[in-house]
Each structure stands twice: as C-alpha cells, then as structure tokens.
$ cat coords_38.pdb   # PDB, C-alpha atoms
ATOM      1  CA  MET A   1       0.000   0.000   0.000
ATOM      2  CA  HIS A   2       1.160   3.513  -0.743
ATOM      3  CA  LEU A   3      -1.221   5.440   1.407
ATOM      4  CA  ALA A   4       1.099   8.342   2.134
ATOM      5  CA  THR A   5       1.207   9.336  -1.507
ATOM      6  CA  ASP A   6      -2.575   9.253  -1.595
ATOM      7  CA  SER A   7      -3.059  11.393   1.469
ATOM      8  CA  GLY A   8      -4.534  14.320  -0.460
ATOM      9  CA  ARG A   9      -7.173  12.101  -1.875
ATOM     10  CA  LEU A  10      -7.783  10.507   1.500
ATOM     11  CA  ASP A  11      -8.236  13.974   3.001
ATOM     12  CA  ALA A  12     -10.944  14.625   0.418
ATOM     13  CA  ALA A  13     -12.514  11.254   1.104
ATOM     14  CA  PHE A  14     -12.579  11.773   4.864
ATOM     15  CA  PHE A  15     -14.060  15.216   4.375
ATOM     16  CA  ALA A  16     -16.728  13.807   2.079
ATOM     17  CA  LEU A  17     -17.577  11.152   4.664
ATOM     18  CA  SER A  18     -17.835  13.658   7.526
ATOM     19  CA  ASP A  19     -21.402  14.555   6.479
ATOM     20  CA  ALA A  20     -24.319  12.319   7.460
ATOM     21  CA  THR A  21     -26.292  13.020   4.263
ATOM     22  CA  ARG A  22     -23.313  12.120   2.088
ATOM     23  CA  ARG A  23     -22.784   8.915   4.031
ATOM     24  CA  GLY A  24     -26.470   8.175   3.512
ATOM     25  CA  ILE A  25     -26.130   8.781  -0.218
ATOM     26  CA  LEU A  26     -23.203   6.362  -0.346
ATOM     27  CA  VAL A  27     -25.192   3.714   1.487
ATOM     28  CA  ARG A  28     -28.028   4.213  -0.998
ATOM     29  CA  LEU A  29     -25.640   3.970  -3.961
ATOM     30  CA  ALA A  30     -24.074   0.828  -2.544
ATOM     31  CA  HIS A  31     -27.410  -0.828  -3.361
ATOM     32  CA  GLY A  32     -27.356   0.424  -6.940
ATOM     33  CA  GLU A  33     -26.972   3.552  -9.070
ATOM     34  CA  ALA A  34     -29.420   6.427  -8.687
ATOM     35  CA  THR A  35     -30.186   9.725 -10.392
ATOM     36  CA  VAL A  36     -30.353  13.123  -8.682
ATOM     37  CA  ASN A  37     -34.146  12.952  -8.896
ATOM     38  CA  GLU A  38     -34.266   9.564  -7.245
ATOM     39  CA  LEU A  39     -31.929  10.705  -4.471
ATOM     40  CA  THR A  40     -33.917  13.907  -3.946
ATOM     41  CA  GLY A  41     -37.020  11.800  -3.330
ATOM     42  CA  ALA A  42     -35.157   9.520  -0.948
ATOM     43  CA  PHE A  43     -33.510  12.209   1.199
ATOM     44  CA  ALA A  44     -36.164  14.935   1.389
ATOM     45  CA  ILE A  45     -33.696  17.725   0.645
ATOM     46  CA  SER A  46     -33.558  19.986  -2.394
ATOM     47  CA  GLN A  47     -32.248  18.880  -5.748
ATOM     48  CA  PRO A  48     -29.429  21.498  -5.719
ATOM     49  CA  ALA A  49     -28.377  20.254  -2.283
ATOM     50  CA  ILE A  50     -28.218  16.672  -3.557
ATOM     51  CA  SER A  51     -26.193  17.870  -6.556
ATOM     52  CA  ARG A  52     -23.737  19.654  -4.261
ATOM     53  CA  HIS A  53     -23.305  16.544  -2.133
ATOM     54  CA  LEU A  54     -22.725  14.448  -5.246
ATOM     55  CA  LYS A  55     -20.080  16.894  -6.403
ATOM     56  CA  VAL A  56     -18.180  16.561  -3.102
ATOM     57  CA  LEU A  57     -18.399  12.769  -3.310
ATOM     58  CA  GLU A  58     -17.288  12.799  -6.929
ATOM     59  CA  GLN A  59     -14.311  15.069  -6.235
ATOM     60  CA  ALA A  60     -13.266  12.717  -3.439
ATOM     61  CA  GLY A  61     -13.336   9.864  -5.944
ATOM     62  CA  LEU A  62     -16.017   8.046  -3.973
ATOM     63  CA  ILE A  63     -18.599   8.111  -6.753
ATOM     64  CA  ALA A  64     -18.714   8.633 -10.516
ATOM     65  CA  ARG A  65     -21.460   9.992 -12.774
ATOM     66  CA  ARG A  66     -22.373   7.636 -15.563
ATOM     67  CA  ARG A  67     -23.932   8.867 -18.800
ATOM     68  CA  ASP A  68     -26.985   6.951 -19.937
ATOM     69  CA  ALA A  69     -28.890   8.806 -22.684
ATOM     70  CA  GLN A  70     -30.522  11.759 -20.877
ATOM     71  CA  ARG A  71     -29.761  10.369 -17.416
ATOM     72  CA  ARG A  72     -26.574  10.836 -15.416
ATOM     73  CA  PRO A  73     -26.939   8.293 -12.615
ATOM     74  CA  ALA A  74     -24.436   8.348  -9.784
ATOM     75  CA  VAL A  75     -22.547   5.119  -9.132
ATOM     76  CA  ILE A  76     -20.359   4.192  -6.210
ATOM     77  CA  GLU A  77     -16.614   3.751  -6.742
ATOM     78  CA  ARG A  78     -15.631   0.827  -4.589
ATOM     79  CA  GLN A  79     -11.839   0.975  -4.739
ATOM     80  CA  PRO A  80     -11.173   4.191  -2.725
ATOM     81  CA  ILE A  81     -13.742   3.184  -0.142
ATOM     82  CA  ALA A  82     -12.034  -0.154   0.255
ATOM     83  CA  GLN A  83      -8.721   1.666   0.728
ATOM     84  CA  LEU A  84     -10.209   3.934   3.387
ATOM     85  CA  GLU A  85     -11.668   0.962   5.183
ATOM     86  CA  ALA A  86      -8.313  -0.789   5.079
ATOM     87  CA  TRP A  87      -6.670   2.261   6.590
ATOM     88  CA  ILE A  88      -9.163   2.518   9.444
ATOM     89  CA  GLU A  89      -8.998  -1.225   9.959
ATOM     90  CA  ARG A  90      -5.242  -1.138  10.402
ATOM     91  CA  TYR A  91      -5.599   1.687  12.913
ATOM     92  CA  ARG A  92      -8.366  -0.230  14.678
ATOM     93  CA  LYS A  93      -6.126  -3.274  15.029
ATOM     94  CA  LEU A  94      -3.455  -1.226  16.777
ATOM     95  CA  TRP A  95      -5.975  -0.188  19.396
ATOM     96  CA  GLU A  96      -7.486  -3.630  19.676
ATOM     97  CA  SER A  97      -4.099  -5.173  20.350
ATOM     98  CA  THR A  98      -3.262  -2.622  22.999
ATOM     99  CA  TYR A  99      -6.638  -3.084  24.657
ATOM    100  CA  GLN A 100      -6.264  -6.849  24.718
ATOM    101  CA  ARG A 101      -3.272  -6.233  26.949
ATOM    102  CA  LEU A 102      -5.425  -4.026  29.143
ATOM    103  CA  ASP A 103      -8.042  -6.824  29.242
ATOM    104  CA  ALA A 104      -5.390  -9.188  30.579
ATOM    105  CA  ALA A 105      -4.162  -6.676  33.162
ATOM    106  CA  LEU A 106      -7.728  -5.982  34.351
ATOM    107  CA  ALA A 107      -8.455  -9.722  34.632
ATOM    108  CA  ASP A 108      -5.259 -10.241  36.672
ATOM    109  CA  GLU A 109      -6.235  -7.423  38.979
ATOM    110  CA  LEU A 110      -9.793  -8.721  39.476
ATOM    111  CA  ASP A 111      -8.388 -12.200  40.221
ATOM    112  CA  ALA A 112      -5.932 -10.801  42.725
ATOM    113  CA  ARG A 113      -8.670  -8.859  44.497
ATOM    114  CA  SER A 114     -11.056 -11.816  44.710
ATOM    115  CA  THR A 115      -8.535 -14.080  46.453
TER
ATOM    116  CA  MET B  10     -13.226 -12.425  19.386
ATOM    117  CA  THR B  11     -15.762 -11.527  22.036
ATOM    118  CA  THR B  12     -14.878  -7.872  22.365
ATOM    119  CA  SER B  13     -13.646  -5.543  19.705
ATOM    120  CA  VAL B  14     -12.716  -1.908  19.485
ATOM    121  CA  SER B  15     -14.645   0.345  17.099
ATOM    122  CA  VAL B  16     -13.000   3.278  15.350
ATOM    123  CA  THR B  17     -15.090   5.979  13.669
ATOM    124  CA  THR B  18     -14.519   9.466  12.266
ATOM    125  CA  PRO B  19     -17.584  11.448  13.439
ATOM    126  CA  SER B  20     -16.293  14.636  11.825
ATOM    127  CA  ASP B  21     -13.322  15.668   9.713
ATOM    128  CA  ARG B  22     -11.256  16.618  12.783
ATOM    129  CA  GLU B  23     -12.175  13.738  15.078
ATOM    130  CA  ILE B  24     -11.395  10.126  15.764
ATOM    131  CA  ARG B  25     -13.598   8.177  18.149
ATOM    132  CA  VAL B  26     -12.536   4.871  19.663
ATOM    133  CA  GLU B  27     -15.009   2.725  21.616
ATOM    134  CA  ARG B  28     -14.499  -0.500  23.535
ATOM    135  CA  THR B  29     -16.149  -2.478  26.323
ATOM    136  CA  PHE B  30     -14.045  -3.872  29.159
ATOM    137  CA  ASP B  31     -14.983  -6.727  31.488
ATOM    138  CA  ALA B  32     -14.248  -4.737  34.624
ATOM    139  CA  PRO B  33     -16.054  -2.055  36.647
ATOM    140  CA  ALA B  34     -15.589   1.574  35.601
ATOM    141  CA  PRO B  35     -13.548   2.639  38.672
ATOM    142  CA  LEU B  36     -10.957  -0.068  37.924
ATOM    143  CA  VAL B  37     -10.728   0.790  34.215
ATOM    144  CA  PHE B  38     -10.390   4.434  35.236
ATOM    145  CA  ASP B  39      -7.528   3.538  37.602
ATOM    146  CA  PHE B  40      -5.764   1.599  34.849
ATOM    147  CA  HIS B  41      -5.738   4.800  32.804
ATOM    148  CA  THR B  42      -4.710   7.201  35.553
ATOM    149  CA  LYS B  43      -2.415   5.455  38.076
ATOM    150  CA  PRO B  44       1.150   5.137  36.781
ATOM    151  CA  GLU B  45       1.825   1.725  38.384
ATOM    152  CA  LEU B  46      -1.310   0.365  36.638
ATOM    153  CA  VAL B  47      -0.795   2.152  33.304
ATOM    154  CA  LYS B  48       2.684   0.603  33.146
ATOM    155  CA  ARG B  49       1.159  -2.868  33.260
ATOM    156  CA  TRP B  50      -0.382  -2.589  29.798
ATOM    157  CA  LEU B  51       0.946   0.453  27.947
ATOM    158  CA  LEU B  52       4.512  -0.894  27.761
ATOM    159  CA  GLY B  53       6.521  -1.175  24.602
ATOM    160  CA  PRO B  54       7.582  -4.414  22.914
ATOM    161  CA  PRO B  55      10.381  -6.677  24.225
ATOM    162  CA  GLY B  56      13.533  -4.600  24.252
ATOM    163  CA  TRP B  57      11.654  -1.413  25.101
ATOM    164  CA  SER B  58      10.977   0.095  28.488
ATOM    165  CA  MET B  59       8.663   2.827  29.735
ATOM    166  CA  PRO B  60      11.063   4.849  31.871
ATOM    167  CA  VAL B  61       8.692   7.780  32.289
ATOM    168  CA  CYS B  62       5.069   7.377  33.301
ATOM    169  CA  GLU B  63       4.129  10.434  35.333
ATOM    170  CA  ILE B  64       0.545  11.460  35.969
ATOM    171  CA  ASP B  65      -0.594  14.391  38.094
ATOM    172  CA  LEU B  66      -4.325  13.706  38.051
ATOM    173  CA  THR B  67      -5.557  17.195  38.917
ATOM    174  CA  VAL B  68      -7.169  19.879  36.807
ATOM    175  CA  GLY B  69      -4.203  21.726  35.323
ATOM    176  CA  GLY B  70      -1.932  18.802  36.244
ATOM    177  CA  ARG B  71       0.401  17.338  33.642
ATOM    178  CA  TYR B  72       1.279  13.848  32.481
ATOM    179  CA  ARG B  73       4.107  12.397  30.432
ATOM    180  CA  TYR B  74       4.801   8.969  28.978
ATOM    181  CA  THR B  75       8.130   8.051  27.414
ATOM    182  CA  TRP B  76       9.204   4.795  25.813
ATOM    183  CA  ARG B  77      12.865   3.921  25.222
ATOM    184  CA  SER B  78      14.609   1.299  23.127
ATOM    185  CA  ASP B  79      17.238  -0.668  25.089
ATOM    186  CA  ALA B  80      19.132  -1.350  21.857
ATOM    187  CA  ASP B  81      19.731   2.193  20.627
ATOM    188  CA  GLY B  82      18.291   4.468  23.304
ATOM    189  CA  ARG B  83      15.718   5.846  20.890
ATOM    190  CA  GLU B  84      12.823   7.517  22.693
ATOM    191  CA  PHE B  85       9.295   8.475  21.900
ATOM    192  CA  GLY B  86       6.817  10.230  24.134
ATOM    193  CA  VAL B  87       3.548  12.012  24.605
ATOM    194  CA  GLN B  88       2.622  14.621  27.160
ATOM    195  CA  GLY B  89      -0.305  16.730  28.114
ATOM    196  CA  GLN B  90      -2.392  18.527  30.671
ATOM    197  CA  PHE B  91      -5.705  17.660  32.303
ATOM    198  CA  THR B  92      -8.477  20.205  31.827
ATOM    199  CA  GLU B  93     -11.382  18.256  33.323
ATOM    200  CA  ILE B  94     -11.535  15.298  35.717
ATOM    201  CA  ALA B  95     -14.735  13.613  36.909
ATOM    202  CA  SER B  96     -13.572  10.376  38.538
ATOM    203  CA  PRO B  97     -14.395   7.694  37.530
ATOM    204  CA  GLU B  98     -16.508   8.840  34.565
ATOM    205  CA  ARG B  99     -14.729  11.368  32.427
ATOM    206  CA  ILE B 100     -11.343  12.946  31.710
ATOM    207  CA  VAL B 101     -10.509  15.728  29.283
ATOM    208  CA  ASN B 102      -6.885  16.485  28.459
ATOM    209  CA  VAL B 103      -4.850  18.303  25.858
ATOM    210  CA  GLU B 104      -2.033  16.219  24.391
ATOM    211  CA  THR B 105       1.036  16.777  22.241
ATOM    212  CA  MET B 106       3.195  14.065  20.706
ATOM    213  CA  ASP B 107       6.972  14.300  20.467
ATOM    214  CA  GLY B 108       8.034  15.382  17.016
ATOM    215  CA  ARG B 109       4.547  16.387  15.892
ATOM    216  CA  PRO B 110       3.066  19.847  15.679
ATOM    217  CA  GLY B 111      -0.329  20.664  17.070
ATOM    218  CA  GLU B 112      -2.464  19.632  19.997
ATOM    219  CA  VAL B 113      -5.171  17.042  20.392
ATOM    220  CA  VAL B 114      -8.107  17.470  22.766
ATOM    221  CA  VAL B 115      -8.773  14.029  24.197
ATOM    222  CA  THR B 116     -12.065  13.246  25.966
ATOM    223  CA  THR B 117     -12.160   9.848  27.666
ATOM    224  CA  THR B 118     -15.386   8.465  29.138
ATOM    225  CA  PHE B 119     -15.948   5.412  31.339
ATOM    226  CA  GLU B 120     -19.609   4.455  31.439
ATOM    227  CA  ASP B 121     -20.694   2.126  34.235
ATOM    228  CA  ALA B 122     -22.422  -0.960  32.822
ATOM    229  CA  GLY B 123     -22.491  -3.138  35.927
ATOM    230  CA  ALA B 124     -19.531  -5.508  35.859
ATOM    231  CA  LYS B 125     -18.508  -3.976  32.533
ATOM    232  CA  THR B 126     -17.371  -0.559  31.374
ATOM    233  CA  LYS B 127     -18.320   1.139  28.147
ATOM    234  CA  PHE B 128     -15.203   3.068  27.307
ATOM    235  CA  ALA B 129     -14.753   5.763  24.670
ATOM    236  CA  ILE B 130     -11.981   8.113  23.599
ATOM    237  CA  SER B 131     -12.779  11.068  21.383
ATOM    238  CA  MET B 132      -9.786  12.876  19.880
ATOM    239  CA  ARG B 133     -10.295  16.294  18.353
ATOM    240  CA  PHE B 134      -7.389  17.526  16.221
ATOM    241  CA  ASP B 135      -6.423  21.046  15.106
ATOM    242  CA  SER B 136      -7.121  20.201  11.501
ATOM    243  CA  ARG B 137      -8.266  17.468   9.196
ATOM    244  CA  GLU B 138      -4.668  17.026   8.040
ATOM    245  CA  ALA B 139      -3.461  16.423  11.606
ATOM    246  CA  ARG B 140      -6.272  13.961  12.195
ATOM    247  CA  ASP B 141      -5.500  12.051   9.025
ATOM    248  CA  ALA B 142      -1.782  11.966   9.810
ATOM    249  CA  ALA B 143      -2.574  10.386  13.173
ATOM    250  CA  LEU B 144      -4.873   7.830  11.583
ATOM    251  CA  GLU B 145      -2.357   7.044   8.910
ATOM    252  CA  THR B 146       0.504   6.281  11.260
ATOM    253  CA  GLY B 147      -1.585   4.375  13.757
ATOM    254  CA  MET B 148      -1.859   7.230  16.256
ATOM    255  CA  THR B 149       1.491   6.987  18.030
ATOM    256  CA  GLU B 150       4.588   4.892  17.834
ATOM    257  CA  GLY B 151       3.713   3.865  21.355
ATOM    258  CA  MET B 152       0.584   2.192  20.079
ATOM    259  CA  ALA B 153       2.566   0.481  17.365
ATOM    260  CA  MET B 154       5.086  -0.778  19.906
ATOM    261  CA  SER B 155       2.360  -2.249  22.096
ATOM    262  CA  TYR B 156       0.908  -3.841  19.016
ATOM    263  CA  ASP B 157       4.198  -5.498  18.085
ATOM    264  CA  ARG B 158       4.529  -7.018  21.503
ATOM    265  CA  LEU B 159       0.961  -8.192  21.636
ATOM    266  CA  GLU B 160       1.174  -9.743  18.221
ATOM    267  CA  SER B 161       4.025 -11.943  19.358
ATOM    268  CA  VAL B 162       1.975 -13.023  22.359
ATOM    269  CA  VAL B 163      -1.120 -13.710  20.294
ATOM    270  CA  VAL B 164       0.688 -15.544  17.517
ATOM    271  CA  GLY B 165       2.555 -17.644  20.059
ATOM    272  CA  GLY B 166      -0.640 -18.431  21.993
ATOM    273  CA  SER B 167      -3.988 -19.960  21.083
ATOM    274  CA  SER B 168      -5.328 -19.604  17.572
ATOM    275  CA  ALA B 169      -7.291 -16.453  16.828
TER
END

$ encode --input "coords_38.pdb" --output "structure tokens"
Amino acid sequence: MHLATDSGRLDAAFFALSDATRRGILVRLAHGEATVNELTGAFAISQPAISRHLKVLEQAGLIARRRDAQRRPAVIERQPIAQLEAWIERYRKLWESTYQRLDAALADELDARST
Amino acid sequence: MTTSVSVTTPSDREIRVERTFDAPAPLVFDFHTKPELVKRWLLGPPGWSMPVCEIDLTVGGRYRYTWRSDADGREFGVQGQFTEIASPERIVNVETMDGRPGEVVVTTTFEDAGAKTKFAISMRFDSREARDAALETGMTEGMAMSYDRLESVVVGGSSA
C-alpha cells in the first residue's frame, strides 16, 4: 500500500464522509446507481443540495457519474472506499491489540482482588 | 473475538474509539490514571521500556509517557495537561506528541455498565490534516510498539 502518496485524496474522502447526508447517499448507492431525482425523493432535501453533495463525493473519488442517454446516474466507486476501510482497519487493530493487553491486566487485577 | 474496538470518524477533525471492558468503571479508570497500573499494559515491545510514566491527576496537572529502546536508546513520548476530571466517569486532556506539531483534545469516558465498562476516547485535532496523519501512522509509535509485543503473544498463543 502507498497510502502516504494518496493522502490528499484521503483527506478529500474523509471530508466527504464527515457529512451524514453524504454517508447516507453512499449507502443508498451501494445498493445500486441512482439519479439526482431519485436521491432527492429519498432524502427529502432539495435537488441542488443533492447535486452539491454528489459533487463533493465525486471530487473525493467516492462516486462517478455515468452517462446513460438523458440520465446521469451516480454510481459508487468501490476501490477508494475499500482503501479507506483498510486504513481505518489497520488503525483499529493497533488499538485492539493494545486493549487486549489491558483486558489481561484488568483480569489479573480482578483475580488478585477476589482471592 | 468476544470484544472488539470500534473506530469511527464522526467529523473531519475527530477520531472516536469505543471498547467495552470486562471490569467495573472505577478499575478501568484507575488503569488509565495510576502510573503503576498504566505501566502494566501500555509498555513497549520486548527490548523497550517505559522509563517515564508520570501522571498528576488534577485539573491543570500534567502527564508524560516516554518509551525507550534498550538497543539504541531511541525515545518516543507524549505529554499533556488535564483540563477536566470527573472520577471515575470522564477525563478531558490536551495532548502533544513528540516530534509532531499541534495539539489534540482528548475526551475519555468510562460508562458504568455493571460488571462492565463502556469506554470511549474522542480525539479532536487542530485540523483534518493532523487527524489524518494520526490515523495514517496508527496514532502513536507507542501504540505500534504495544501492538508489536501483543502480536508476538497472540501468535505464540492460542489460535485467533
């Protein structure tokens, strides 16, 4: 992995994911492509607002806009999301390992106190 | 695995870590705030020591952790100051890491759940860039060192 060289893109991705509506849009798109109109109906916010959110997601490389005759459905881009998840997962494992040591220390202490 | 830590990014400047421990909140709190107890789990890998583990658990009080390599004397540390203490439920402190610019506001909560503790750390960074840098490197070298040691224990022990 060459995450350091991708940090600008990851910054954009993290920023894009910091908004609940955008995360919701991604979840929706994970189930299949959708147009701005379809998303507007699903999220009860204005069409321009949906378009702005899509632009942020697109600039972060998290989605793409496909051309299909008169429609421009948004589709999820799985690769950068997988990379982000891998990054968070590695970080998570560092904490998990450290906390497993704390688990053991707590268990020792509880044993010592009960005897 | 019965318990597992969760890591989320609630906003572009934050990291939130959540975990449940099989021990009452006052004990988990002590293991985060009493140096002789912190040293039992926040040590480095074999060949590393934790020569400095100082905690003045008062509002305005400071703390410092340093890890040192026996082989080459290399050191890494973090330090900070407590801004809020509500034992055994909540601690707020401002932290800096050796060799890194900026400060992190760390809020740690210990929620009583009977014989268990719902534990959470929320870290708020100066900027998105600082947050991402911390995520990218695995927070601190100290964490990485603990990880190395634990991995050897886990791999050498029962199957995962």

$ closest_atom_pairs --input "coords_38.pdb" --of "chain A" --to "chain B" --cutoff "10 Å" --atoms "all atoms listed in the file" --output "JSON lines"
{"residue": "A:Leu3", "atom": "CA", "partner": "B:Glu145", "partner_atom": "CA", "distance": 7.8}
{"residue": "A:Ala4", "atom": "CA", "partner": "B:Glu145", "partner_atom": "CA", "distance": 7.7}
{"residue": "A:Ser7", "atom": "CA", "partner": "B:Asp141", "partner_atom": "CA", "distance": 8.0}
{"residue": "A:Gly8", "atom": "CA", "partner": "B:Glu138", "partner_atom": "CA", "distance": 8.9}
{"residue": "A:Leu10", "atom": "CA", "partner": "B:Asp141", "partner_atom": "CA", "distance": 8.0}
{"residue": "A:Asp11", "atom": "CA", "partner": "B:Glu138", "partner_atom": "CA", "distance": 6.9}
{"residue": "A:Ala12", "atom": "CA", "partner": "B:Arg137", "partner_atom": "CA", "distance": 9.6}
{"residue": "A:Ala13", "atom": "CA", "partner": "B:Asp21", "partner_atom": "CA", "distance": 9.7}
{"residue": "A:Phe14", "atom": "CA", "partner": "B:Asp21", "partner_atom": "CA", "distance": 6.3}
{"residue": "A:Phe15", "atom": "CA", "partner": "B:Asp21", "partner_atom": "CA", "distance": 5.4}
{"residue": "A:Ala16", "atom": "CA", "partner": "B:Asp21", "partner_atom": "CA", "distance": 8.6}
{"residue": "A:Leu17", "atom": "CA", "partner": "B:Asp21", "partner_atom": "CA", "distance": 8.0}
{"residue": "A:Ser18", "atom": "CA", "partner": "B:Ser20", "partner_atom": "CA", "distance": 4.7}
{"residue": "A:Asp19", "atom": "CA", "partner": "B:Ser20", "partner_atom": "CA", "distance": 7.4}
{"residue": "A:Ala20", "atom": "CA", "partner": "B:Pro19", "partner_atom": "CA", "distance": 9.0}
{"residue": "A:Trp87", "atom": "CA", "partner": "B:Glu145", "partner_atom": "CA", "distance": 6.8}
{"residue": "A:Ile88", "atom": "CA", "partner": "B:Val16", "partner_atom": "CA", "distance": 7.1}
{"residue": "A:Glu89", "atom": "CA", "partner": "B:Val16", "partner_atom": "CA", "distance": 8.1}
{"residue": "A:Arg90", "atom": "CA", "partner": "B:Gly147", "partner_atom": "CA", "distance": 7.4}
{"residue": "A:Tyr91", "atom": "CA", "partner": "B:Gly147", "partner_atom": "CA", "distance": 4.9}
{"residue": "A:Arg92", "atom": "CA", "partner": "B:Val16", "partner_atom": "CA", "distance": 5.9}
{"residue": "A:Lys93", "atom": "CA", "partner": "B:Val14", "partner_atom": "CA", "distance": 8.1}
{"residue": "A:Leu94", "atom": "CA", "partner": "B:Tyr156", "partner_atom": "CA", "distance": 5.6}
{"residue": "A:Trp95", "atom": "CA", "partner": "B:Val14", "partner_atom": "CA", "distance": 7.0}
{"residue": "A:Glu96", "atom": "CA", "partner": "B:Val14", "partner_atom": "CA", "distance": 5.5}
{"residue": "A:Ser97", "atom": "CA", "partner": "B:Tyr156", "partner_atom": "CA", "distance": 5.4}
{"residue": "A:Thr98", "atom": "CA", "partner": "B:Ser155", "partner_atom": "CA", "distance": 5.7}
{"residue": "A:Tyr99", "atom": "CA", "partner": "B:Val14", "partner_atom": "CA", "distance": 8.1}
{"residue": "A:Gln100", "atom": "CA", "partner": "B:Leu159", "partner_atom": "CA", "distance": 8.0}
{"residue": "A:Arg101", "atom": "CA", "partner": "B:Trp50", "partner_atom": "CA", "distance": 5.5}
{"residue": "A:Leu102", "atom": "CA", "partner": "B:Trp50", "partner_atom": "CA", "distance": 5.3}
{"residue": "A:Asp103", "atom": "CA", "partner": "B:Phe30", "partner_atom": "CA", "distance": 6.7}
{"residue": "A:Ala104", "atom": "CA", "partner": "B:Trp50", "partner_atom": "CA", "distance": 8.3}
{"residue": "A:Ala105", "atom": "CA", "partner": "B:Trp50", "partner_atom": "CA", "distance": 6.5}
{"residue": "A:Leu106", "atom": "CA", "partner": "B:Ala32", "partner_atom": "CA", "distance": 6.6}
{"residue": "A:Ala107", "atom": "CA", "partner": "B:Ala32", "partner_atom": "CA", "distance": 7.6}
{"residue": "A:Glu109", "atom": "CA", "partner": "B:Leu36", "partner_atom": "CA", "distance": 8.8}
{"residue": "A:Leu110", "atom": "CA", "partner": "B:Ala32", "partner_atom": "CA", "distance": 7.7}

$ resolve_selection --input "coords_38.pdb" --expression "the PyMOL selection byres ((chain B and resi 129) around 7)" --output "list in words"
Val26, Glu27, Arg28, Thr117, Thr118, Phe119, Lys127, Phe128, Ile130 and Ser131 of chain B

$ axis_aligned_box --input "coords_38.pdb" --around "stretch 72-85 of chain B" --padding-each-side "3 Å" --output "AutoDock Vina command-line options"
--center_x 10.5 --center_y 6.2 --center_z 26.6 --size_x 24.5 --size_y 21.2 --size_z 17.9

$ resolve_selection --input "coords_38.pdb" --expression "the PyMOL selection byres ((chain B and resi 93) around 9)" --output "list in words"
Thr67, Val68, Gly69, Phe91, Thr92, Ile94, Ala95, Arg99, Ile100, Val101, Asn102 and Thr116 of chain B

$ atom_distance --input "coords_38.pdb" --atom1 "atom CA of A:Arg113" --atom2 "atom CA of B:Thr126"
17.8 Å

$ resolve_selection --input "coords_38.pdb" --expression "the PyMOL selection byres ((chain B and resi 83) around 12)" --output "list in words"
Gly56, Trp57, Ser58, Met59, Pro60, Thr75, Trp76, Arg77, Ser78, Asp79, Ala80, Asp81, Gly82, Glu84, Phe85, Gly86 and Glu150 of chain B

$ atom_distance --input "coords_38.pdb" --atom1 "atom CA of A:Ala44" --atom2 "atom CA of A:Arg28"
13.7 Å

$ atom_distance --input "coords_38.pdb" --atom1 "atom CA of A:Val56" --atom2 "atom CA of B:Arg109"
29.6 Å

$ closest_residue --input "coords_38.pdb" --among "A:Leu29, A:Thr21, A:Ser114, A:Thr35" --to "A:Gln70" --atoms "only C-alpha atoms"
A:Thr35

$ decode --input "coords_38.pdb" --residues "stretch 80-94 of chain B" --atoms "N, CA and C atoms" --output "short mmCIF file (atom, residue, chain, number, x, y, z; two decimals), in the first residue's frame"
data_model
loop_
_atom_site.label_atom_id
_atom_site.label_comp_id
_atom_site.auth_asym_id
_atom_site.auth_seq_id
_atom_site.Cartn_x
_atom_site.Cartn_y
_atom_site.Cartn_z
N ALA B 80 18.09 -1.12 22.86
CA ALA B 80 19.13 -1.35 21.86
C ALA B 80 19.84 -0.06 21.47
N ASP B 81 19.08 0.98 21.14
CA ASP B 81 19.73 2.19 20.63
C ASP B 81 19.36 3.45 21.40
N GLY B 82 18.62 3.30 22.48
CA GLY B 82 18.29 4.47 23.30
C GLY B 82 17.27 5.41 22.69
N ARG B 83 16.71 5.01 21.56
CA ARG B 83 15.72 5.85 20.89
C ARG B 83 14.50 6.03 21.80
N GLU B 84 13.96 7.25 21.82
CA GLU B 84 12.82 7.52 22.69
C GLU B 84 11.66 8.11 21.92
N PHE B 85 10.50 7.87 22.44
CA PHE B 85 9.29 8.48 21.90
C PHE B 85 8.37 8.78 23.07
N GLY B 86 7.68 9.90 23.01
CA GLY B 86 6.82 10.23 24.13
C GLY B 86 5.61 11.07 23.77
N VAL B 87 4.69 11.10 24.70
CA VAL B 87 3.55 12.01 24.61
C VAL B 87 3.43 12.72 25.95
N GLN B 88 2.85 13.92 25.91
CA GLN B 88 2.62 14.62 27.16
C GLN B 88 1.40 15.51 27.03
N GLY B 89 0.89 15.90 28.17
CA GLY B 89 -0.31 16.73 28.11
C GLY B 89 -0.71 17.26 29.47
N GLN B 90 -1.89 17.85 29.48
CA GLN B 90 -2.39 18.53 30.67
C GLN B 90 -3.88 18.23 30.81
N PHE B 91 -4.29 17.95 32.05
CA PHE B 91 -5.71 17.66 32.30
C PHE B 91 -6.50 18.96 32.42
N THR B 92 -7.64 19.01 31.73
CA THR B 92 -8.48 20.21 31.83
C THR B 92 -9.80 19.91 32.54
N GLU B 93 -10.13 18.63 32.65
CA GLU B 93 -11.38 18.26 33.32
C GLU B 93 -11.23 16.85 33.86
N ILE B 94 -11.61 16.63 35.12
CA ILE B 94 -11.54 15.30 35.72
C ILE B 94 -12.81 15.05 36.51
#
